[in-house]
Amino acid sequence: MIRIVGVHGIRNYESRAASPLAAALAKAGEWRAALLGSPSCPLSSGDFELDVAYYAHLLVQPGRQGSSQLDKDAAELWQRFVSDYLPPNPQGTLRSTLHTASARLARAFGQNEKLTVALLERFFREVAVFLRTDGDFSPKAEVLKTVGTAVQGADVVVAHSLGSIVAYEALWKHRVELPLLVTIGSPLAMPMVFLA
């Protein structure tokens, strides 16, 4: 029996979930169905077990759900990412400047501007919270403990987006020996993430 552990990316906080365990079980069900529904998957349902290391709830600061403020750490990471697309004489708020630069980046690569702007804002908000190691709200240690515990004994870890950063750090911090790490949409090579 192969033990697979998924580590989710951004946009996975479910405030209506009864508990983090319920959210993890729901995510695992989704990932399992997707894997079994893939025509290229050689596994049958009895060949593997799949769990999801759920940590999204730890990235939400109590009392700040839905805040529209862009914190300094997120803005700094985002600004470094779009630095080549920043307007020469920015007007307005930093947030609007980052939106303009992100839209330019999307156009340069033939991507949907609104979707790109929304994705980058959400991505850098969650990445900044995870990478923060000091201040009033720095959940990184708890996230790494949660994911590090979940990946113990796994044969395969599949990590998506921000989850690949979290999984990579958790595997190193907890000295987990792992036969296979699969990353999907990983930002690990982004300098502003790797050097943060």
# chains A, B, ... in the order shown; residues from 1 in each chain; ligands from 1
$ residues_around --residues "Ile184 in chain A" --least-positions-apart "2" --cutoff "8 Å" --atoms "only C-alpha atoms" --output "list in words"
Val158, Ala159, His160, Ser161, Ser164, Val182 and Ser186 of chain A
$ closest_atom_pairs --of "range 1-86 of chain A" --to "range 165-178 of chain A" --cutoff "12 Å" --atoms "only C-alpha atoms" --output "Markdown table"
| residue | atom | partner | partner_atom | distance |
| --- | --- | --- | --- | --- |
| A:Arg3 | CA | A:Leu178 | CA | 11.0 |
| A:Ile4 | CA | A:Leu178 | CA | 10.8 |
| A:Val5 | CA | A:Ala167 | CA | 10.1 |
| A:Gly6 | CA | A:Ala167 | CA | 9.2 |
| A:Val7 | CA | A:Ala167 | CA | 6.7 |
| A:His8 | CA | A:Val166 | CA | 9.2 |
| A:Gly9 | CA | A:Val166 | CA | 8.9 |
| A:Ile10 | CA | A:Val166 | CA | 11.1 |
| A:Val52 | CA | A:Ala167 | CA | 11.5 |
| A:Ala53 | CA | A:Ala167 | CA | 9.2 |
| A:Tyr54 | CA | A:Val166 | CA | 10.9 |
| A:Tyr55 | CA | A:Val166 | CA | 9.4 |
| A:Ala56 | CA | A:Val166 | CA | 11.0 |
| A:Leu59 | CA | A:Val166 | CA | 11.8 |
$ write_last_selection --atoms "N, CA, C and O atoms" --output "CSV table (one decimal), in the first residue's frame"
chain,number,residue,atom,x,y,z
A,3,ARG,N,1.5,5.1,0.6
A,3,ARG,CA,0.9,6.2,1.3
A,3,ARG,C,1.3,7.6,0.7
A,3,ARG,O,2.5,7.9,0.6
A,4,ILE,N,0.3,8.3,0.2
A,4,ILE,CA,0.4,9.6,-0.5
A,4,ILE,C,-0.1,10.7,0.5
A,4,ILE,O,-1.2,10.5,1.0
A,5,VAL,N,0.7,11.7,0.6
A,5,VAL,CA,0.2,12.9,1.4
A,5,VAL,C,0.2,14.1,0.5
A,5,VAL,O,1.2,14.4,-0.2
A,6,GLY,N,-0.9,14.7,0.3
A,6,GLY,CA,-1.0,16.0,-0.4
A,6,GLY,C,-0.8,17.2,0.5
A,6,GLY,O,-1.2,17.2,1.7
A,7,VAL,N,-0.1,18.2,0.0
A,7,VAL,CA,0.0,19.4,0.7
A,7,VAL,C,-0.5,20.5,-0.2
A,7,VAL,O,0.0,20.8,-1.3
A,8,HIS,N,-1.7,21.1,0.2
A,8,HIS,CA,-2.4,22.1,-0.6
A,8,HIS,C,-1.7,23.4,-0.8
A,8,HIS,O,-0.8,23.7,0.0
A,9,GLY,N,-2.2,24.2,-1.7
A,9,GLY,CA,-1.6,25.5,-2.0
A,9,GLY,C,-2.5,26.6,-1.4
A,9,GLY,O,-3.2,26.4,-0.4
A,10,ILE,N,-2.6,27.7,-2.1
A,10,ILE,CA,-3.4,28.9,-1.6
A,10,ILE,C,-4.8,28.6,-1.8
A,10,ILE,O,-5.2,27.7,-2.5
A,52,VAL,N,-4.4,14.5,3.2
A,52,VAL,CA,-4.0,15.9,2.9
A,52,VAL,C,-3.5,16.5,4.2
A,52,VAL,O,-4.2,16.5,5.2
A,53,ALA,N,-2.3,17.1,4.2
A,53,ALA,CA,-1.8,17.9,5.3
A,53,ALA,C,-2.5,19.3,5.2
A,53,ALA,O,-2.1,20.1,4.3
A,54,TYR,N,-3.5,19.5,6.0
A,54,TYR,CA,-4.3,20.8,5.9
A,54,TYR,C,-3.7,21.8,6.9
A,54,TYR,O,-3.6,21.5,8.1
A,55,TYR,N,-3.3,23.0,6.4
A,55,TYR,CA,-2.7,24.0,7.3
A,55,TYR,C,-3.3,25.4,7.0
A,55,TYR,O,-3.0,26.4,7.7
A,56,ALA,N,-4.3,25.5,6.1
A,56,ALA,CA,-4.8,26.8,5.7
A,56,ALA,C,-5.4,27.6,6.8
A,56,ALA,O,-5.2,28.8,6.9
A,59,LEU,N,-3.1,30.0,8.7
A,59,LEU,CA,-2.6,31.2,8.0
A,59,LEU,C,-3.6,32.4,8.2
A,59,LEU,O,-3.4,33.5,7.7
$ residues_around --residues "Leu105 in chain A" --least-positions-apart "3" --cutoff "9 Å" --atoms "only C-alpha atoms" --output "ChimeraX atom specification"
/A:82,84-85,100-102,108-111,113,116
$ select_by_dssp --residues "range 13-54 of chain A" --states "helix (DSSP H, G or I)" --output "ChimeraX atom specification"
/A:20-36,45-47
$ write_last_selection --atoms "all heavy atoms" --output "short mmCIF file (atom, residue, chain, number, x, y, z; two decimals), in the first residue's frame"
data_model
loop_
_atom_site.label_atom_id
_atom_site.label_comp_id
_atom_site.auth_asym_id
_atom_site.auth_seq_id
_atom_site.Cartn_x
_atom_site.Cartn_y
_atom_site.Cartn_z
N PRO A 20 -10.48 21.63 11.18
CA PRO A 20 -9.37 21.37 10.24
C PRO A 20 -9.35 19.92 9.77
O PRO A 20 -9.04 19.64 8.62
CB PRO A 20 -8.13 21.72 11.07
CG PRO A 20 -8.61 22.73 12.05
CD PRO A 20 -10.01 22.30 12.40
N LEU A 21 -9.71 18.98 10.66
CA LEU A 21 -9.75 17.57 10.27
C LEU A 21 -10.80 17.35 9.18
O LEU A 21 -10.55 16.65 8.20
CB LEU A 21 -10.04 16.69 11.48
CG LEU A 21 -10.19 15.19 11.18
CD1 LEU A 21 -8.92 14.63 10.54
CD2 LEU A 21 -10.55 14.43 12.45
N ALA A 22 -11.98 17.96 9.35
CA ALA A 22 -13.04 17.82 8.33
C ALA A 22 -12.57 18.41 7.00
O ALA A 22 -12.82 17.85 5.93
CB ALA A 22 -14.32 18.50 8.80
N ALA A 23 -11.88 19.55 7.06
CA ALA A 23 -11.36 20.17 5.83
C ALA A 23 -10.32 19.27 5.17
O ALA A 23 -10.31 19.10 3.95
CB ALA A 23 -10.76 21.54 6.15
N ALA A 24 -9.45 18.66 5.98
CA ALA A 24 -8.42 17.75 5.46
C ALA A 24 -9.06 16.54 4.80
O ALA A 24 -8.63 16.10 3.72
CB ALA A 24 -7.47 17.32 6.57
N LEU A 25 -10.08 15.98 5.43
CA LEU A 25 -10.76 14.81 4.87
C LEU A 25 -11.48 15.16 3.56
O LEU A 25 -11.45 14.38 2.61
CB LEU A 25 -11.75 14.23 5.88
CG LEU A 25 -11.12 13.57 7.11
CD1 LEU A 25 -12.19 13.22 8.15
CD2 LEU A 25 -10.32 12.34 6.71
N ALA A 26 -12.09 16.34 3.50
CA ALA A 26 -12.76 16.76 2.28
C ALA A 26 -11.75 16.95 1.15
O ALA A 26 -11.99 16.50 0.02
CB ALA A 26 -13.53 18.06 2.53
N LYS A 27 -10.63 17.60 1.44
CA LYS A 27 -9.58 17.78 0.43
C LYS A 27 -9.04 16.44 -0.03
O LYS A 27 -8.80 16.23 -1.22
CB LYS A 27 -8.43 18.62 1.01
CG LYS A 27 -8.69 20.07 1.07
CD LYS A 27 -8.51 20.69 -0.29
CE LYS A 27 -9.22 22.00 -0.33
NZ LYS A 27 -9.88 22.28 -1.58
N ALA A 28 -8.80 15.53 0.90
CA ALA A 28 -8.28 14.21 0.54
C ALA A 28 -9.26 13.49 -0.38
O ALA A 28 -8.85 12.83 -1.34
CB ALA A 28 -8.01 13.37 1.80
N GLY A 29 -10.54 13.62 -0.12
CA GLY A 29 -11.55 13.02 -0.99
C GLY A 29 -11.50 13.58 -2.40
O GLY A 29 -11.60 12.84 -3.39
N GLU A 30 -11.33 14.91 -2.49
CA GLU A 30 -11.23 15.55 -3.81
C GLU A 30 -9.98 15.06 -4.56
O GLU A 30 -10.06 14.74 -5.75
CB GLU A 30 -11.15 17.08 -3.65
CG GLU A 30 -12.41 17.72 -3.13
CD GLU A 30 -12.20 19.18 -2.75
OE1 GLU A 30 -11.15 19.77 -3.10
OE2 GLU A 30 -13.09 19.75 -2.09
N TRP A 31 -8.84 15.03 -3.87
CA TRP A 31 -7.59 14.61 -4.52
C TRP A 31 -7.66 13.14 -4.93
O TRP A 31 -7.19 12.76 -5.99
CB TRP A 31 -6.41 14.87 -3.58
CG TRP A 31 -6.00 16.31 -3.45
CD1 TRP A 31 -6.83 17.39 -3.41
CD2 TRP A 31 -4.69 16.81 -3.34
NE1 TRP A 31 -6.10 18.54 -3.27
CE2 TRP A 31 -4.77 18.21 -3.22
CE3 TRP A 31 -3.44 16.22 -3.28
CZ2 TRP A 31 -3.66 19.03 -3.08
CZ3 TRP A 31 -2.31 17.03 -3.14
CH2 TRP A 31 -2.42 18.42 -3.04
N ARG A 32 -8.24 12.32 -4.07
CA ARG A 32 -8.36 10.89 -4.36
C ARG A 32 -9.22 10.68 -5.61
O ARG A 32 -8.87 9.90 -6.50
CB ARG A 32 -8.96 10.17 -3.16
CG ARG A 32 -9.10 8.68 -3.33
CD ARG A 32 -9.68 8.05 -2.04
NE ARG A 32 -9.66 6.63 -2.13
CZ ARG A 32 -8.59 5.86 -2.01
NH1 ARG A 32 -7.42 6.41 -1.77
NH2 ARG A 32 -8.67 4.56 -2.13
N ALA A 33 -10.35 11.37 -5.67
CA ALA A 33 -11.25 11.25 -6.83
C ALA A 33 -10.54 11.72 -8.11
O ALA A 33 -10.67 11.09 -9.17
CB ALA A 33 -12.52 12.06 -6.60
N ALA A 34 -9.77 12.79 -8.01
CA ALA A 34 -9.04 13.29 -9.18
C ALA A 34 -7.99 12.29 -9.64
O ALA A 34 -7.83 12.03 -10.85
CB ALA A 34 -8.39 14.63 -8.87
N LEU A 35 -7.29 11.70 -8.69
CA LEU A 35 -6.26 10.72 -9.03
C LEU A 35 -6.87 9.49 -9.69
O LEU A 35 -6.42 9.02 -10.73
CB LEU A 35 -5.46 10.33 -7.78
CG LEU A 35 -4.28 9.39 -7.96
CD1 LEU A 35 -3.24 9.99 -8.91
CD2 LEU A 35 -3.62 9.10 -6.62
N LEU A 36 -7.93 8.96 -9.08
CA LEU A 36 -8.58 7.77 -9.64
C LEU A 36 -9.28 8.06 -10.96
O LEU A 36 -9.44 7.17 -11.79
CB LEU A 36 -9.57 7.19 -8.63
CG LEU A 36 -8.93 6.54 -7.41
CD1 LEU A 36 -9.99 6.19 -6.37
CD2 LEU A 36 -8.12 5.31 -7.79
N SER A 45 -8.08 1.92 -6.38
CA SER A 45 -8.38 2.47 -5.06
C SER A 45 -7.75 1.68 -3.91
O SER A 45 -7.46 2.24 -2.86
CB SER A 45 -9.88 2.59 -4.85
OG SER A 45 -10.48 1.31 -4.92
N GLY A 46 -7.51 0.39 -4.09
CA GLY A 46 -6.91 -0.41 -3.04
C GLY A 46 -5.40 -0.35 -2.99
O GLY A 46 -4.78 -0.91 -2.09
N ASP A 47 -4.79 0.36 -3.95
CA ASP A 47 -3.33 0.42 -4.03
C ASP A 47 -2.71 1.51 -3.17
O ASP A 47 -1.50 1.50 -2.93
CB ASP A 47 -2.87 0.67 -5.47
CG ASP A 47 -3.20 -0.48 -6.39
OD1 ASP A 47 -3.35 -1.61 -5.90
OD2 ASP A 47 -3.29 -0.24 -7.62
#
$ closest_residue --among "A:Val117, A:Asp73, A:Glu14, A:Met1" --to "Asp134 in chain A" --atoms "only C-alpha atoms"
A:Asp73
$ atom_distance --atom1 "CA of Ser138 in chain A" --atom2 "CA of Glu126 in chain A"
11.5 Å
$ atom_distance --atom1 "CA of Val156 in chain A" --atom2 "CA of Val129 in chain A"
26.4 Å
$ residues_around --residues "Thr93 in chain A" --least-positions-apart "3" --cutoff "12 Å" --atoms "only C-alpha atoms" --output "list in words"
Gln69, Leu70, Ala75, Pro90, Ser96, Thr97, Leu98, His99 and Thr100 of chain A
$ write_last_selection --atoms "N, CA, C and O atoms" --output "PDB file, in the first residue's frame"
ATOM      1  N   GLN A  69      -6.760  44.894   3.672  1.00  0.00           N
ATOM      2  CA  GLN A  69      -5.445  45.522   3.766  1.00  0.00           C
ATOM      3  C   GLN A  69      -4.369  44.604   3.190  1.00  0.00           C
ATOM      4  O   GLN A  69      -4.406  43.403   3.397  1.00  0.00           O
ATOM      5  N   LEU A  70      -3.429  45.198   2.472  1.00  0.00           N
ATOM      6  CA  LEU A  70      -2.287  44.459   1.951  1.00  0.00           C
ATOM      7  C   LEU A  70      -1.125  44.743   2.888  1.00  0.00           C
ATOM      8  O   LEU A  70      -0.665  45.887   2.980  1.00  0.00           O
ATOM      9  N   ALA A  75       3.237  43.074   0.203  1.00  0.00           N
ATOM     10  CA  ALA A  75       3.490  44.097  -0.813  1.00  0.00           C
ATOM     11  C   ALA A  75       4.945  44.049  -1.289  1.00  0.00           C
ATOM     12  O   ALA A  75       5.222  44.169  -2.484  1.00  0.00           O
ATOM     13  N   PRO A  90       4.874  55.802 -10.794  1.00  0.00           N
ATOM     14  CA  PRO A  90       3.610  55.285 -10.262  1.00  0.00           C
ATOM     15  C   PRO A  90       2.752  56.380  -9.632  1.00  0.00           C
ATOM     16  O   PRO A  90       3.275  57.291  -9.001  1.00  0.00           O
ATOM     17  N   SER A  96      -2.512  49.774  -5.975  1.00  0.00           N
ATOM     18  CA  SER A  96      -2.932  50.021  -7.356  1.00  0.00           C
ATOM     19  C   SER A  96      -1.745  49.925  -8.310  1.00  0.00           C
ATOM     20  O   SER A  96      -1.872  49.457  -9.440  1.00  0.00           O
ATOM     21  N   THR A  97      -0.565  50.336  -7.853  1.00  0.00           N
ATOM     22  CA  THR A  97       0.652  50.208  -8.665  1.00  0.00           C
ATOM     23  C   THR A  97       0.972  48.738  -8.908  1.00  0.00           C
ATOM     24  O   THR A  97       1.322  48.346 -10.026  1.00  0.00           O
ATOM     25  N   LEU A  98       0.821  47.920  -7.876  1.00  0.00           N
ATOM     26  CA  LEU A  98       1.071  46.486  -8.028  1.00  0.00           C
ATOM     27  C   LEU A  98       0.039  45.842  -8.951  1.00  0.00           C
ATOM     28  O   LEU A  98       0.372  44.955  -9.737  1.00  0.00           O
ATOM     29  N   HIS A  99      -1.195  46.321  -8.877  1.00  0.00           N
ATOM     30  CA  HIS A  99      -2.230  45.817  -9.790  1.00  0.00           C
ATOM     31  C   HIS A  99      -1.876  46.166 -11.234  1.00  0.00           C
ATOM     32  O   HIS A  99      -1.994  45.319 -12.129  1.00  0.00           O
ATOM     33  N   THR A 100      -1.422  47.392 -11.465  1.00  0.00           N
ATOM     34  CA  THR A 100      -1.031  47.823 -12.816  1.00  0.00           C
ATOM     35  C   THR A 100       0.134  46.988 -13.336  1.00  0.00           C
ATOM     36  O   THR A 100       0.115  46.504 -14.469  1.00  0.00           O
TER      37      THR A 100
END
$ atom_distance --atom1 "CA of Trp78 in chain A" --atom2 "CA of Lys145 in chain A"
26.5 Å
$ closest_residue --among "A:Leu162, A:Glu142, A:Ala74, A:Leu131" --to "Asn12 in chain A" --atoms "only C-alpha atoms"
A:Leu162
